[in-house]
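Here is data_36.pdb, consisting of PDB, C-alpha atoms:
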ATOM      1  CA  ALA A   1      -1.359 -19.539  -2.568
ATOM      2  CA  ALA A   2      -4.001 -18.977  -5.195
ATOM      3  CA  ASP A   3      -3.568 -16.040  -7.574
ATOM      4  CA  LEU A   4      -6.539 -16.009  -9.951
ATOM      5  CA  ASP A   5      -5.411 -12.970 -11.958
ATOM      6  CA  GLY A   6      -1.699 -13.861 -12.133
ATOM      7  CA  ASP A   7      -0.483 -10.497 -10.774
ATOM      8  CA  THR A   8       1.847 -12.144  -8.160
ATOM      9  CA  PHE A   9      -0.381 -11.024  -5.243
ATOM     10  CA  SER A  10      -2.239 -13.908  -3.617
ATOM     11  CA  ASP A  11      -6.029 -13.819  -3.566
ATOM     12  CA  TYR A  12      -5.853 -13.580   0.232
ATOM     13  CA  ALA A  13      -3.500 -10.572   0.070
ATOM     14  CA  GLU A  14      -5.847  -8.895  -2.410
ATOM     15  CA  TRP A  15      -8.856  -9.611  -0.192
ATOM     16  CA  ARG A  16      -7.030  -8.021   2.788
ATOM     17  CA  ALA A  17      -6.031  -4.992   0.712
ATOM     18  CA  GLY A  18      -9.517  -4.569  -0.750
ATOM     19  CA  THR A  19      -8.334  -5.083  -4.324
ATOM     20  CA  HIS A  20      -9.978  -7.446  -6.816
ATOM     21  CA  PRO A  21      -8.364 -10.909  -7.049
ATOM     22  CA  ASP A  22      -9.733 -11.446 -10.568
ATOM     23  CA  ASP A  23      -8.411  -8.143 -12.001
ATOM     24  CA  PRO A  24      -4.652  -7.975 -12.694
ATOM     25  CA  ALA A  25      -4.828  -4.150 -12.807
ATOM     26  CA  SER A  26      -6.273  -3.957  -9.275
ATOM     27  CA  LEU A  27      -3.206  -3.745  -7.029
ATOM     28  CA  LEU A  28      -2.128  -2.092  -3.793
ATOM     29  CA  LEU A  29       0.814  -0.104  -5.173
ATOM     30  CA  LEU A  30       2.330   3.190  -4.096
ATOM     31  CA  HIS A  31       2.260   5.967  -6.681
ATOM     32  CA  PRO A  32       4.685   8.897  -6.335
ATOM     33  CA  MET A  33       3.176  12.328  -6.829
ATOM     34  CA  SER A  34       4.620  15.791  -6.440
ATOM     35  CA  GLY A  35       5.340  16.003  -2.694
ATOM     36  CA  ALA A  36       3.146  13.018  -1.824
ATOM     37  CA  LEU A  37       2.593   9.286  -2.121
ATOM     38  CA  ALA A  38      -0.771   7.816  -3.103
ATOM     39  CA  TRP A  39      -2.310   4.342  -3.205
ATOM     40  CA  PRO A  40      -5.733   2.871  -3.914
ATOM     41  CA  SER A  41      -7.703   2.500  -0.696
ATOM     42  CA  SER A  42     -10.721   0.497   0.326
ATOM     43  CA  SER A  43     -13.342   1.280   2.972
ATOM     44  CA  GLY A  44     -12.804  -0.249   6.386
ATOM     45  CA  ARG A  45      -9.026  -0.565   6.009
ATOM     46  CA  ILE A  46      -6.286   1.091   8.071
ATOM     47  CA  TYR A  47      -2.922   1.853   6.433
ATOM     48  CA  HIS A  48       0.643   2.381   7.640
ATOM     49  CA  LEU A  49       3.230   4.097   5.436
ATOM     50  CA  GLN A  50       6.830   3.042   6.082
ATOM     51  CA  GLN A  51      10.237   4.102   4.747
ATOM     52  CA  ALA A  52      13.682   2.444   4.778
ATOM     53  CA  ALA A  53      17.095   3.253   3.345
ATOM     54  CA  ASP A  54      17.493  -0.407   2.323
ATOM     55  CA  LEU A  55      14.968  -3.059   1.307
ATOM     56  CA  ALA A  56      16.208  -5.237   4.182
ATOM     57  CA  GLY A  57      15.138  -2.502   6.624
ATOM     58  CA  PRO A  58      14.827  -1.411   9.270
ATOM     59  CA  TRP A  59      11.479   0.110   8.326
ATOM     60  CA  THR A  60      10.276   3.295  10.013
ATOM     61  CA  ASN A  61       6.653   4.399  10.269
ATOM     62  CA  ARG A  62       6.218   7.733   8.492
ATOM     63  CA  ALA A  63       2.433   7.741   8.824
ATOM     64  CA  ALA A  64       0.519   5.249  10.969
ATOM     65  CA  ALA A  65      -3.101   4.242  11.471
ATOM     66  CA  LEU A  66      -4.358   6.129   8.428
ATOM     67  CA  PRO A  67      -8.037   5.459   7.768
ATOM     68  CA  ALA A  68      -9.068   4.634   4.223
ATOM     69  CA  ASP A  69     -10.098   7.606   2.086
ATOM     70  CA  PRO A  70     -11.482   5.813  -0.992
ATOM     71  CA  PRO A  71     -10.795   5.670  -3.765
ATOM     72  CA  THR A  72      -7.232   6.927  -3.095
ATOM     73  CA  ASN A  73      -5.217   7.825  -0.002
ATOM     74  CA  HIS A  74      -2.664  10.649  -0.330
ATOM     75  CA  VAL A  75       0.081  11.401   2.198
ATOM     76  CA  PRO A  76       2.442  14.382   1.955
ATOM     77  CA  VAL A  77       6.082  13.284   1.862
ATOM     78  CA  ALA A  78       8.872  15.802   2.457
ATOM     79  CA  ASP A  79      11.728  13.388   1.668
ATOM     80  CA  PRO A  80      10.779  10.745  -0.928
ATOM     81  CA  THR A  81      14.212   9.079  -0.975
ATOM     82  CA  GLY A  82      14.754   5.463  -0.047
ATOM     83  CA  PHE A  83      12.235   2.657  -0.199
ATOM     84  CA  TRP A  84       8.581   2.943   0.751
ATOM     85  CA  ARG A  85       5.838   0.461   1.520
ATOM     86  CA  VAL A  86       2.234   0.582   2.609
ATOM     87  CA  LEU A  87       0.828  -1.964   5.077
ATOM     88  CA  VAL A  88      -2.864  -2.653   5.454
ATOM     89  CA  GLU A  89      -4.955  -3.868   8.394
TER      90      GLU A  89
END

Could I get this structure in the form of structure tokens?
Amino acid sequence: AADLDGDTFSDYAEWRAGTHPDDPASLLLLHPMSGALAWPSSSGRIYHLQQAADLAGPWTNRAAALPADPPTNHVPVADPTGFWRVLVE
């Protein structure tokens, strides 16, 4: 798949996430904060925050169907251990 900016995210994945496929600094990445997780969000997207003890899963929804709150979504997290991922619709 095409990756114009060489950031390892395909242009299609960046289009879905609302990031910029020609900007290697524009990524959908989780950022830990004190008691919360944050990620860049884009209008019109819905996000799901998931956690797992192992990268192979199983993954558990910790917050589902979160509407975008541009420019950044924040979700309180009581237990930040394990692995986390954000999915986008």

Residues matched by the PyMOL selection byres ((chain A and resi 71-87) around 7), written as a PyMOL selection string: chain A and resi 35-42+47-55+68-70+88-89

Result set, the PyMOL selection byres ((chain A and resi 11-15) around 12) on current file, as a PyMOL selection string: chain A and resi 1-10+16-29+40-42+45+87-89

Padded axis-aligned box of range 77-84 of chain A (3 Å per side), centre and edge lengths, Å, one decimal, as lines of an AutoDock Vina configuration file:
center_x = 10.4
center_y = 9.2
center_z = 0.7
size_x = 14.7
size_y = 19.1
size_z = 9.4

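The space between CA of Pro58 in chain A and CA of Ser43 in chain A spans 29.0 Å.
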
Answer key for the PyMOL selection byres ((chain A and resi 65) around 8), residues as a ChimeraX atom specification: /A:46-48,63-64,66-67
